[in-house]
>>> print(open('upload-v9.cif').read())   # mmCIF, C-alpha atoms and all ligand atoms
data_protein
loop_
_atom_site.group_PDB
_atom_site.id
_atom_site.type_symbol
_atom_site.label_atom_id
_atom_site.label_comp_id
_atom_site.auth_asym_id
_atom_site.auth_seq_id
_atom_site.Cartn_x
_atom_site.Cartn_y
_atom_site.Cartn_z
ATOM 1 C CA MET A 1 53.265 -77.822 44.947
ATOM 2 C CA LYS A 2 55.712 -75.984 42.723
ATOM 3 C CA ASP A 3 54.072 -77.574 39.702
ATOM 4 C CA ALA A 4 50.616 -76.498 40.805
ATOM 5 C CA ALA A 5 51.816 -72.926 41.274
ATOM 6 C CA LYS A 6 53.278 -72.978 37.780
ATOM 7 C CA LYS A 7 49.975 -74.150 36.331
ATOM 8 C CA ALA A 8 48.081 -71.437 38.173
ATOM 9 C CA ASP A 9 50.589 -68.932 36.831
ATOM 10 C CA ILE A 10 50.028 -70.058 33.257
ATOM 11 C CA LEU A 11 46.282 -69.732 33.674
ATOM 12 C CA LEU A 12 46.747 -66.199 34.933
ATOM 13 C CA GLN A 13 48.938 -65.316 31.976
ATOM 14 C CA ALA A 14 46.158 -66.419 29.668
ATOM 15 C CA LEU A 15 43.692 -64.110 31.399
ATOM 16 C CA LYS A 16 44.934 -61.072 29.513
ATOM 17 C CA TYR A 17 44.207 -62.775 26.194
ATOM 18 C CA ILE A 18 40.943 -64.261 27.354
ATOM 19 C CA LYS A 19 39.707 -60.750 28.184
ATOM 20 C CA GLN A 20 41.015 -59.404 24.886
ATOM 21 C CA PHE A 21 39.246 -62.022 22.770
ATOM 22 C CA GLU A 22 35.992 -62.518 24.684
ATOM 23 C CA GLY A 23 33.069 -62.228 22.271
ATOM 24 C CA LYS A 24 35.352 -61.717 19.267
ATOM 25 C CA ILE A 25 34.842 -63.651 16.057
ATOM 26 C CA ILE A 26 37.630 -65.934 14.882
ATOM 27 C CA VAL A 27 37.366 -67.666 11.520
ATOM 28 C CA ILE A 28 39.399 -70.858 11.357
ATOM 29 C CA LYS A 29 40.179 -72.444 8.004
ATOM 30 C CA TYR A 30 40.688 -76.113 8.553
ATOM 31 C CA GLY A 31 43.045 -77.503 5.942
ATOM 32 C CA GLY A 32 43.004 -80.683 3.972
ATOM 33 C CA ASN A 33 46.261 -81.924 5.386
ATOM 34 C CA ALA A 34 45.809 -81.041 9.034
ATOM 35 C CA MET A 35 42.720 -83.206 9.239
ATOM 36 C CA GLU A 36 43.927 -86.489 7.783
ATOM 37 C CA ASN A 37 44.728 -88.098 11.102
ATOM 38 C CA GLU A 38 42.104 -88.836 13.747
ATOM 39 C CA GLU A 39 44.311 -87.892 16.670
ATOM 40 C CA LEU A 40 45.199 -84.525 15.164
ATOM 41 C CA GLN A 41 41.593 -83.919 14.274
ATOM 42 C CA ALA A 42 40.514 -84.575 17.848
ATOM 43 C CA SER A 43 43.219 -82.246 19.121
ATOM 44 C CA VAL A 44 42.079 -79.379 16.863
ATOM 45 C CA PHE A 45 38.464 -79.937 17.922
ATOM 46 C CA GLN A 46 39.526 -79.818 21.564
ATOM 47 C CA ASP A 47 41.276 -76.490 21.005
ATOM 48 C CA ILE A 48 38.147 -75.142 19.346
ATOM 49 C CA SER A 49 36.063 -76.386 22.264
ATOM 50 C CA MET A 50 38.360 -74.524 24.672
ATOM 51 C CA LEU A 51 38.152 -71.319 22.630
ATOM 52 C CA ALA A 52 34.363 -71.518 22.384
ATOM 53 C CA ARG A 53 34.044 -72.100 26.127
ATOM 54 C CA LEU A 54 36.208 -69.073 26.805
ATOM 55 C CA GLY A 55 33.652 -66.960 24.989
ATOM 56 C CA LEU A 56 35.202 -66.572 21.557
ATOM 57 C CA GLN A 57 32.836 -66.874 18.612
ATOM 58 C CA ILE A 58 34.324 -69.506 16.332
ATOM 59 C CA VAL A 59 33.507 -70.160 12.689
ATOM 60 C CA VAL A 60 35.077 -73.141 10.920
ATOM 61 C CA VAL A 61 35.527 -73.171 7.140
ATOM 62 C CA HIS A 62 36.928 -76.330 5.587
ATOM 63 C CA GLY A 63 38.064 -77.620 2.222
ATOM 64 C CA GLY A 64 38.476 -81.160 1.022
ATOM 65 C CA GLY A 65 42.166 -81.262 0.077
ATOM 66 C CA LEU A 66 43.665 -84.711 0.328
ATOM 67 C CA ARG A 67 40.263 -86.355 0.549
ATOM 68 C CA ILE A 68 39.474 -85.089 -2.927
ATOM 69 C CA ASP A 69 42.909 -86.116 -4.240
ATOM 70 C CA ASN A 70 42.500 -89.655 -2.930
ATOM 71 C CA GLU A 71 39.004 -90.060 -4.323
ATOM 72 C CA LEU A 72 40.110 -88.744 -7.730
ATOM 73 C CA ALA A 73 43.045 -91.174 -7.782
ATOM 74 C CA GLU A 74 40.747 -94.054 -6.869
ATOM 75 C CA LYS A 75 38.414 -93.182 -9.729
ATOM 76 C CA GLY A 76 41.289 -92.601 -12.160
ATOM 77 C CA ILE A 77 40.337 -88.950 -12.680
ATOM 78 C CA PRO A 78 43.440 -86.824 -13.332
ATOM 79 C CA LYS A 79 44.165 -83.982 -10.897
ATOM 80 C CA GLU A 80 44.955 -80.596 -12.376
ATOM 81 C CA MET A 81 45.917 -77.460 -10.469
ATOM 82 C CA ILE A 82 46.643 -73.918 -11.667
ATOM 83 C CA ASP A 83 48.428 -71.741 -9.063
ATOM 84 C CA GLY A 84 47.011 -73.784 -6.231
ATOM 85 C CA LEU A 85 43.450 -73.777 -7.610
ATOM 86 C CA ARG A 86 41.817 -77.045 -8.571
ATOM 87 C CA VAL A 87 40.617 -77.256 -12.157
ATOM 88 C CA THR A 88 37.128 -78.688 -11.701
ATOM 89 C CA ASP A 89 35.477 -80.566 -14.570
ATOM 90 C CA ASP A 90 32.119 -82.394 -14.240
ATOM 91 C CA ALA A 91 33.595 -85.558 -12.767
ATOM 92 C CA THR A 92 35.847 -83.611 -10.376
ATOM 93 C CA LEU A 93 32.911 -81.484 -9.230
ATOM 94 C CA ARG A 94 30.989 -84.608 -8.227
ATOM 95 C CA VAL A 95 33.984 -85.790 -6.184
ATOM 96 C CA VAL A 96 34.409 -82.337 -4.617
ATOM 97 C CA ILE A 97 30.776 -82.174 -3.512
ATOM 98 C CA LYS A 98 30.869 -85.670 -2.044
ATOM 99 C CA SER A 99 34.186 -85.121 -0.236
ATOM 100 C CA LEU A 100 33.127 -81.779 1.226
ATOM 101 C CA LYS A 101 29.953 -83.341 2.560
ATOM 102 C CA SER A 102 31.837 -86.089 4.326
ATOM 103 C CA VAL A 103 34.482 -83.729 5.727
ATOM 104 C CA ASN A 104 31.750 -81.403 6.976
ATOM 105 C CA LYS A 105 29.996 -84.244 8.777
ATOM 106 C CA GLU A 106 33.281 -85.361 10.328
ATOM 107 C CA CYS A 107 33.914 -81.863 11.650
ATOM 108 C CA VAL A 108 30.422 -81.394 13.035
ATOM 109 C CA ASP A 109 30.407 -84.850 14.649
ATOM 110 C CA GLY A 110 33.945 -84.432 15.999
ATOM 111 C CA LEU A 111 33.142 -81.048 17.503
ATOM 112 C CA LYS A 112 29.931 -82.326 19.069
ATOM 113 C CA LYS A 113 31.897 -85.156 20.647
ATOM 114 C CA VAL A 114 33.947 -82.634 22.632
ATOM 115 C CA GLY A 115 30.873 -80.708 23.670
ATOM 116 C CA VAL A 116 30.816 -78.001 20.989
ATOM 117 C CA ARG A 117 27.433 -77.007 19.609
ATOM 118 C CA ALA A 118 28.431 -77.282 15.967
ATOM 119 C CA GLN A 119 26.046 -76.812 13.051
ATOM 120 C CA ASN A 120 26.613 -77.631 9.390
ATOM 121 C CA PHE A 121 26.410 -74.976 6.701
ATOM 122 C CA THR A 122 27.056 -77.023 3.586
ATOM 123 C CA ALA A 123 24.962 -74.987 1.166
ATOM 124 C CA GLY A 124 23.625 -71.509 0.554
ATOM 125 C CA MET A 125 26.567 -69.620 2.027
ATOM 126 C CA PHE A 126 28.206 -68.264 -1.136
ATOM 127 C CA ILE A 127 26.768 -66.758 -4.307
ATOM 128 C CA THR A 128 29.426 -67.153 -6.991
ATOM 129 C CA LYS A 129 30.151 -66.384 -10.609
ATOM 130 C CA ALA A 130 32.235 -68.694 -12.783
ATOM 131 C CA LYS A 131 35.938 -67.953 -12.961
ATOM 132 C CA GLU A 132 37.746 -68.024 -16.327
ATOM 133 C CA SER A 133 36.675 -71.124 -18.266
ATOM 134 C CA GLN A 134 40.074 -72.837 -17.952
ATOM 135 C CA TYR A 135 39.185 -73.585 -14.308
ATOM 136 C CA GLY A 136 35.898 -75.332 -15.071
ATOM 137 C CA HIS A 137 33.306 -75.242 -12.279
ATOM 138 C CA VAL A 138 35.227 -72.867 -10.038
ATOM 139 C CA GLY A 139 33.583 -69.753 -8.705
ATOM 140 C CA ASP A 140 34.564 -66.305 -7.535
ATOM 141 C CA ILE A 141 32.541 -65.223 -4.541
ATOM 142 C CA LEU A 142 30.089 -62.379 -5.207
ATOM 143 C CA LYS A 143 28.146 -62.508 -1.968
ATOM 144 C CA VAL A 144 28.396 -64.188 1.416
ATOM 145 C CA ASN A 145 25.241 -65.068 3.305
ATOM 146 C CA SER A 146 26.735 -63.955 6.604
ATOM 147 C CA GLU A 147 23.326 -63.015 8.058
ATOM 148 C CA ALA A 148 22.625 -66.739 8.417
ATOM 149 C CA LEU A 149 25.532 -66.978 10.855
ATOM 150 C CA LEU A 150 24.638 -64.160 13.217
ATOM 151 C CA LYS A 151 21.996 -65.907 15.285
ATOM 152 C CA PRO A 152 23.894 -69.186 15.636
ATOM 153 C CA LEU A 153 27.004 -67.253 16.699
ATOM 154 C CA ALA A 154 25.061 -65.260 19.257
ATOM 155 C CA TYR A 155 23.826 -68.545 20.745
ATOM 156 C CA GLY A 156 27.351 -69.946 21.033
ATOM 157 C CA ILE A 157 26.960 -72.283 18.073
ATOM 158 C CA VAL A 158 30.008 -72.992 15.920
ATOM 159 C CA PRO A 159 29.068 -72.902 12.218
ATOM 160 C CA VAL A 160 30.979 -75.398 10.049
ATOM 161 C CA ILE A 161 31.046 -74.138 6.465
ATOM 162 C CA SER A 162 32.031 -76.015 3.283
ATOM 163 C CA SER A 163 33.852 -74.221 0.482
ATOM 164 C CA LEU A 164 31.081 -74.720 -2.059
ATOM 165 C CA GLY A 165 29.084 -71.976 -3.731
ATOM 166 C CA GLU A 166 26.400 -71.661 -6.345
ATOM 167 C CA ASP A 167 25.762 -69.154 -9.086
ATOM 168 C CA GLU A 168 22.490 -67.287 -9.656
ATOM 169 C CA TYR A 169 21.112 -70.306 -11.562
ATOM 170 C CA GLY A 170 21.875 -72.719 -8.725
ATOM 171 C CA HIS A 171 24.837 -74.235 -10.512
ATOM 172 C CA PRO A 172 27.414 -75.460 -7.943
ATOM 173 C CA HIS A 173 30.926 -74.022 -7.921
ATOM 174 C CA ASN A 174 34.050 -75.251 -6.227
ATOM 175 C CA ILE A 175 35.767 -72.478 -4.253
ATOM 176 C CA ASN A 176 39.253 -72.487 -2.792
ATOM 177 C CA ALA A 177 38.653 -72.927 0.935
ATOM 178 C CA ASP A 178 41.237 -70.302 1.915
ATOM 179 C CA THR A 179 39.329 -67.748 -0.153
ATOM 180 C CA ALA A 180 36.001 -68.904 1.256
ATOM 181 C CA ALA A 181 37.283 -68.464 4.812
ATOM 182 C CA THR A 182 38.542 -64.983 3.986
ATOM 183 C CA LYS A 183 35.243 -63.811 2.570
ATOM 184 C CA ILE A 184 33.431 -65.137 5.641
ATOM 185 C CA ALA A 185 35.906 -63.344 7.921
ATOM 186 C CA GLU A 186 35.455 -60.082 6.009
ATOM 187 C CA ALA A 187 31.664 -60.301 5.969
ATOM 188 C CA LEU A 188 31.575 -60.971 9.718
ATOM 189 C CA LYS A 189 34.236 -58.321 10.436
ATOM 190 C CA ALA A 190 36.126 -61.006 12.296
ATOM 191 C CA GLU A 191 38.911 -60.173 14.697
ATOM 192 C CA LYS A 192 41.071 -62.879 13.228
ATOM 193 C CA LEU A 193 41.465 -65.243 10.300
ATOM 194 C CA THR A 194 43.511 -68.312 11.147
ATOM 195 C CA ILE A 195 44.444 -70.697 8.363
ATOM 196 C CA LEU A 196 45.475 -74.120 9.636
ATOM 197 C CA THR A 197 47.612 -76.069 7.218
ATOM 198 C CA ASN A 198 50.365 -78.692 7.239
ATOM 199 C CA ILE A 199 53.314 -76.330 7.524
ATOM 200 C CA ASP A 200 54.418 -73.766 10.103
ATOM 201 C CA GLY A 201 53.704 -70.755 7.920
ATOM 202 C CA VAL A 202 55.416 -69.307 4.854
ATOM 203 C CA LEU A 203 59.023 -70.325 4.286
ATOM 204 C CA ASP A 204 61.567 -68.091 2.534
ATOM 205 C CA ALA A 205 64.033 -69.172 -0.177
ATOM 206 C CA ASN A 206 66.291 -70.693 2.502
ATOM 207 C CA GLY A 207 63.459 -72.648 4.069
ATOM 208 C CA LYS A 208 63.326 -70.334 7.071
ATOM 209 C CA ARG A 209 59.933 -69.353 8.460
ATOM 210 C CA ILE A 210 58.819 -65.787 7.773
ATOM 211 C CA SER A 211 57.075 -64.682 10.973
ATOM 212 C CA HIS A 212 55.718 -61.398 9.565
ATOM 213 C CA LEU A 213 54.996 -61.256 5.861
ATOM 214 C CA ARG A 214 54.180 -57.837 4.434
ATOM 215 C CA VAL A 215 51.474 -57.692 1.773
ATOM 216 C CA LYS A 216 53.702 -55.662 -0.533
ATOM 217 C CA ASP A 217 56.368 -58.426 -0.495
ATOM 218 C CA ILE A 218 53.965 -61.158 -1.628
ATOM 219 C CA PRO A 219 54.186 -60.604 -5.427
ATOM 220 C CA ARG A 220 57.983 -60.810 -5.350
ATOM 221 C CA TYR A 221 57.925 -64.107 -3.442
ATOM 222 C CA ILE A 222 55.454 -65.531 -5.957
ATOM 223 C CA GLU A 223 57.367 -64.268 -9.013
ATOM 224 C CA THR A 224 60.572 -65.826 -7.741
ATOM 225 C CA GLY A 225 58.813 -69.109 -7.043
ATOM 226 C CA VAL A 226 59.436 -69.033 -3.297
ATOM 227 C CA ILE A 227 55.699 -69.066 -2.617
ATOM 228 C CA ARG A 228 54.125 -71.730 -4.826
ATOM 229 C CA SER A 229 51.123 -73.989 -5.313
ATOM 230 C CA GLY A 230 48.690 -74.224 -2.391
ATOM 231 C CA MET A 231 50.491 -71.453 -0.514
ATOM 232 C CA ILE A 232 49.529 -68.874 -3.173
ATOM 233 C CA PRO A 233 45.792 -68.729 -2.398
ATOM 234 C CA LYS A 234 46.642 -68.707 1.306
ATOM 235 C CA VAL A 235 48.845 -65.629 1.269
ATOM 236 C CA TRP A 236 46.407 -63.775 -1.003
ATOM 237 C CA ALA A 237 43.547 -64.802 1.254
ATOM 238 C CA CYS A 238 45.320 -63.374 4.301
ATOM 239 C CA ALA A 239 46.325 -60.214 2.424
ATOM 240 C CA ASP A 240 42.749 -59.676 1.295
ATOM 241 C CA ALA A 241 41.484 -60.156 4.847
ATOM 242 C CA VAL A 242 43.790 -57.578 6.441
ATOM 243 C CA LYS A 243 43.027 -55.113 3.651
ATOM 244 C CA HIS A 244 39.296 -55.524 4.256
ATOM 245 C CA GLY A 245 38.839 -55.005 7.955
ATOM 246 C CA VAL A 246 40.002 -58.248 9.542
ATOM 247 C CA ASN A 247 42.421 -57.312 12.308
ATOM 248 C CA LYS A 248 44.819 -60.223 11.974
ATOM 249 C CA ALA A 249 45.474 -63.027 9.524
ATOM 250 C CA HIS A 250 47.674 -65.983 10.352
ATOM 251 C CA LEU A 251 48.972 -69.182 8.842
ATOM 252 C CA LEU A 252 49.528 -71.949 11.382
ATOM 253 C CA ASP A 253 50.629 -75.554 11.414
ATOM 254 C CA GLY A 254 47.489 -77.472 12.308
ATOM 255 C CA THR A 255 49.484 -80.682 12.697
ATOM 256 C CA VAL A 256 51.199 -79.329 15.823
ATOM 257 C CA PRO A 257 49.232 -80.083 18.988
ATOM 258 C CA ARG A 258 47.756 -76.955 20.638
ATOM 259 C CA ALA A 259 48.859 -74.637 17.800
ATOM 260 C CA LEU A 260 45.579 -72.718 17.967
ATOM 261 C CA LEU A 261 45.796 -72.150 21.709
ATOM 262 C CA LEU A 262 49.469 -71.235 21.561
ATOM 263 C CA GLU A 263 48.844 -68.669 18.892
ATOM 264 C CA ILE A 264 45.910 -67.026 20.597
ATOM 265 C CA PHE A 265 46.970 -67.222 24.248
ATOM 266 C CA THR A 266 50.694 -66.575 24.159
ATOM 267 C CA ASP A 267 52.913 -63.837 22.879
ATOM 268 C CA GLY A 268 53.620 -65.796 19.806
ATOM 269 C CA GLY A 269 56.408 -67.231 17.787
ATOM 270 C CA VAL A 270 54.283 -69.620 15.751
ATOM 271 C CA GLY A 271 53.341 -69.511 12.084
ATOM 272 C CA THR A 272 53.283 -66.530 9.753
ATOM 273 C CA GLU A 273 51.309 -63.358 10.307
ATOM 274 C CA ILE A 274 50.401 -61.368 7.208
ATOM 275 C CA VAL A 275 50.708 -57.637 7.884
ATOM 276 C CA LYS A 276 49.733 -54.612 5.789
HETATM 277 P P1 LIG A 301 45.854 -77.066 2.456
HETATM 278 O O1 LIG A 301 45.334 -78.411 2.201
HETATM 279 O O2 LIG A 301 46.028 -76.766 3.908
HETATM 280 O O3 LIG A 301 45.127 -75.982 1.707
HETATM 281 P P2 LIG A 301 47.957 -76.845 0.436
HETATM 282 O O4 LIG A 301 48.695 -78.072 0.081
HETATM 283 O O5 LIG A 301 46.935 -76.329 -0.492
HETATM 284 O O6 LIG A 301 47.379 -77.066 1.914
HETATM 285 O O7 LIG A 301 49.022 -75.669 0.668
HETATM 286 C C1 LIG A 301 50.104 -75.803 1.585
HETATM 287 C C2 LIG A 301 51.371 -76.214 0.857
HETATM 288 O O8 LIG A 301 51.946 -75.116 0.110
HETATM 289 C C3 LIG A 301 52.534 -76.608 1.736
HETATM 290 O O9 LIG A 301 52.409 -77.923 2.214
HETATM 291 C C4 LIG A 301 53.740 -76.457 0.817
HETATM 292 O O10 LIG A 301 54.022 -77.667 0.135
HETATM 293 C C5 LIG A 301 53.278 -75.463 -0.226
HETATM 294 N N1 LIG A 301 54.122 -74.269 -0.296
HETATM 295 C C6 LIG A 301 54.456 -73.626 -1.446
HETATM 296 N N2 LIG A 301 55.254 -72.580 -1.230
HETATM 297 C C7 LIG A 301 55.471 -72.512 0.113
HETATM 298 C C8 LIG A 301 56.237 -71.629 0.961
HETATM 299 N N3 LIG A 301 56.949 -70.600 0.494
HETATM 300 N N4 LIG A 301 56.210 -71.855 2.299
HETATM 301 C C9 LIG A 301 55.491 -72.877 2.800
HETATM 302 N N5 LIG A 301 54.761 -73.755 2.050
HETATM 303 C C10 LIG A 301 54.737 -73.585 0.714
HETATM 304 MG MG MG A 302 44.881 -75.689 -0.432
#
>>> encode(input="upload-v9.cif", output="structure tokens")
Amino acid sequence: MKDAAKKADILLQALKYIKQFEGKIIVIKYGGNAMENEELQASVFQDISMLARLGLQIVVVHGGGLRIDNELAEKGIPKEMIDGLRVTDDATLRVVIKSLKSVNKECVDGLKKVGVRAQNFTAGMFITKAKESQYGHVGDILKVNSEALLKPLAYGIVPVISSLGEDEYGHPHNINADTAATKIAEALKAEKLTILTNIDGVLDANGKRISHLRVKDIPRYIETGVIRSGMIPKVWACADAVKHGVNKAHLLDGTVPRALLLEIFTDGGVGTEIVK
């Protein structure tokens, strides 16, 4: 009986947050590492199903991460990164496109399995222009086709978007998925951008989690090498989001069961929040 009362209590506690977030748009970036294990994948999809049922409008943006790394290794194509961005030559681009397609299908199928009305958006979402030539086929986002998402969202559909763009000539460009998620969040004026990765937020020089990271402190952490590699596009993505109308931007460990629910429905203590 005591247990039942406790459960009822917890549900009541969540009510405050459920009211606060009802109808709000949350963009979730699903990271390469947090989706490499079927059990974890299913757990994230379940969380998304819960959020969607509670009336939040969820958009999923995914990258290819480890999937791309593995495929490159198999084919003997060398991997090259500059500040967390993947240098994308012709052969790498082919692998990127193939991997993103398969990850997208996995997400859509996995979400449908837990009763979410998910729909794939693998093309036509981003108009890009080529970044500096050292990156190869990597694009900066010029325009987001957010209009295409409005109707699906209004109908309770969860769009699942791949981080692939094309330039004005239809030439495909690889985009960092953290950046892609940010631009979607900005275009939709989302309440929240949540980046799921394989680590519980940004760690400081002593390996301690930074729970609130101020935008103005980011350059110093990067210069001193505390924030490196794949974490660089993430912190810039979050900084960009909060500067451009997204209320909150968060980094969360997607490999921890229920991380999404904990972050949204409790008073906190998980991950890193980027604040202005
Ligand atoms: P994803 O596939 O989710 O995009 P990435 O590998 O691109 O993940 O980026 C996350 C990685 O960034 C972490 O696993 C960690 O190795 C690295 N990283 C670099 N600097 C930091 C830092 N200061 N705090 C936490 N992680 C960091
Ligand atoms: Mg990354």
>>> resolve_selection(input="upload-v9.cif", expression="the PyMOL selection byres (((not hetatm)) within 8 of (chain A and resi 302))", output="list in words")
Gly31, Gly32, Gly63, Gly65, Gly84, Leu85, Asn176, Ala177, Asp178, Gly230, Met231, Pro233 and Lys234 of chain A
>>> closest_residue(input="upload-v9.cif", among="A:Glu191, A:Asp89, A:Glu106, A:Glu186", to="Asn37 of chain A", atoms="all atoms listed in the file")
A:Glu106
>>> axis_aligned_box(input="upload-v9.cif", around="ligand LIG 301 (chain A)", padding_each_side="6 Å", output="JSON")
{"center_x": 51.0, "center_y": -74.5, "center_z": 1.2, "size_x": 23.8, "size_y": 19.8, "size_z": 17.4}
>>> resolve_selection(input="upload-v9.cif", expression="the PyMOL selection byres (((not hetatm)) within 10 of (chain A and resi 301))", output="count of residues only")
55
>>> residues_around(input="upload-v9.cif", residues="Ala130 of chain A", least_positions_apart="4", cutoff="9 Å", atoms="all atoms listed in the file", output="PyMOL selection string")
chain A and resi 135-141+167+173
>>> write_last_selection(input="upload-v9.cif", atoms="C-alpha atoms", output="compact mmCIF listing (two decimals), in the coordinates of the input")
# COMPACT_ATOMS: atom_id res chain seq x y z
CA TYR A 135 39.18 -73.58 -14.31
CA GLY A 136 35.90 -75.33 -15.07
CA HIS A 137 33.31 -75.24 -12.28
CA VAL A 138 35.23 -72.87 -10.04
CA GLY A 139 33.58 -69.75 -8.70
CA ASP A 140 34.56 -66.31 -7.54
CA ILE A 141 32.54 -65.22 -4.54
CA ASP A 167 25.76 -69.15 -9.09
CA HIS A 173 30.93 -74.02 -7.92
>>> resolve_selection(input="upload-v9.cif", expression="the PyMOL selection byres (((chain A and resi 266) around 12) and not hetatm)", output="number ranges by chain")
A: 10-18, 258-265, 267-270
>>> atom_distance(input="upload-v9.cif", atom1="atom CA of Ala180 of chain A", atom2="atom CA of Lys79 of chain A")
21.0 Å
>>> closest_residue(input="upload-v9.cif", among="A:Gln57, A:Gln46, A:Thr255, A:Ser133", to="Gly271 of chain A", atoms="all atoms listed in the file")
A:Thr255
>>> residues_around(input="upload-v9.cif", residues="Pro78 of chain A", least_positions_apart="6", cutoff="10 Å", atoms="only C-alpha atoms", output="PDB file with C-alpha atoms, in the frame of the given file")
ATOM      1  CA  ASP A  69      42.909 -86.116  -4.240  1.00  0.00           C
ATOM      2  CA  LEU A  72      40.110 -88.744  -7.730  1.00  0.00           C
ATOM      3  CA  ALA A  91      33.595 -85.558 -12.767  1.00  0.00           C
ATOM      4  CA  THR A  92      35.847 -83.611 -10.376  1.00  0.00           C
TER       5      THR A  92
END
>>> closest_residue(input="upload-v9.cif", among="A:Gln134, A:Ser102, A:Thr128, A:Asn120", to="Glu80 of chain A", atoms="all atoms listed in the file")
A:Gln134
>>> atom_distance(input="upload-v9.cif", atom1="atom CA of Gly115 of chain A", atom2="atom CA of Leu51 of chain A")
11.9 Å
>>> closest_residue(input="upload-v9.cif", among="A:Val103, A:Val27, A:Val114, A:Ile58", to="Thr182 of chain A", atoms="all atoms listed in the file")
A:Val27
>>> atom_distance(input="upload-v9.cif", atom1="atom CA of Ile184 of chain A", atom2="atom CA of Cys107 of chain A")
17.8 Å
>>> residues_around(input="upload-v9.cif", residues="segment 238-240 of chain A", least_positions_apart="2", cutoff="10 Å", atoms="only C-alpha atoms", output="MDAnalysis selection string")
chainID A and resid 178:179 181:183 186 192:195 213:216 218 233:236 242:246 248:251 273:276
>>> closest_residue(input="upload-v9.cif", among="A:Lys151, A:Arg117, A:Lys101, A:Lys2", to="Leu164 of chain A", atoms="all atoms listed in the file")
A:Lys101
>>> closest_residue(input="upload-v9.cif", among="A:Leu54, A:Ile68, A:Lys98, A:Gly110", to="Glu38 of chain A", atoms="all atoms listed in the file")
A:Gly110
>>> build_atoms(input="upload-v9.cif", residues="segment 23-34 of chain A", atoms="N, CA, C and O atoms", output="short mmCIF file (atom, residue, chain, number, x, y, z; two decimals), in the coordinates of the input")
data_model
loop_
_atom_site.label_atom_id
_atom_site.label_comp_id
_atom_site.auth_asym_id
_atom_site.auth_seq_id
_atom_site.Cartn_x
_atom_site.Cartn_y
_atom_site.Cartn_z
N GLY A 23 34.12 -62.72 23.16
CA GLY A 23 33.07 -62.23 22.27
C GLY A 23 33.54 -61.92 20.86
O GLY A 23 32.74 -61.59 19.98
N LYS A 24 34.83 -62.03 20.61
CA LYS A 24 35.35 -61.72 19.27
C LYS A 24 35.16 -62.91 18.33
O LYS A 24 35.17 -64.06 18.75
N ILE A 25 35.04 -62.59 17.05
CA ILE A 25 34.84 -63.65 16.06
C ILE A 25 36.19 -64.08 15.48
O ILE A 25 36.98 -63.25 15.04
N ILE A 26 36.42 -65.38 15.50
CA ILE A 26 37.63 -65.93 14.88
C ILE A 26 37.21 -66.93 13.82
O ILE A 26 36.44 -67.86 14.10
N VAL A 27 37.66 -66.72 12.60
CA VAL A 27 37.37 -67.67 11.52
C VAL A 27 38.58 -68.59 11.36
O VAL A 27 39.70 -68.12 11.17
N ILE A 28 38.32 -69.88 11.47
CA ILE A 28 39.40 -70.86 11.36
C ILE A 28 39.21 -71.66 10.08
O ILE A 28 38.19 -72.29 9.88
N LYS A 29 40.21 -71.60 9.19
CA LYS A 29 40.18 -72.44 8.00
C LYS A 29 40.90 -73.74 8.35
O LYS A 29 42.07 -73.73 8.75
N TYR A 30 40.16 -74.80 8.20
CA TYR A 30 40.69 -76.11 8.55
C TYR A 30 41.15 -76.80 7.28
O TYR A 30 40.35 -77.04 6.38
N GLY A 31 42.44 -77.07 7.21
CA GLY A 31 43.04 -77.50 5.94
C GLY A 31 42.97 -78.99 5.69
O GLY A 31 42.82 -79.78 6.61
N GLY A 32 43.07 -79.30 4.42
CA GLY A 32 43.00 -80.68 3.97
C GLY A 32 43.99 -81.58 4.68
O GLY A 32 43.66 -82.70 5.09
N ASN A 33 45.20 -81.07 4.85
CA ASN A 33 46.26 -81.92 5.39
C ASN A 33 46.22 -82.07 6.90
O ASN A 33 46.60 -83.11 7.42
N ALA A 34 45.80 -81.02 7.57
CA ALA A 34 45.81 -81.04 9.03
C ALA A 34 44.69 -81.91 9.59
O ALA A 34 44.60 -82.11 10.79
#
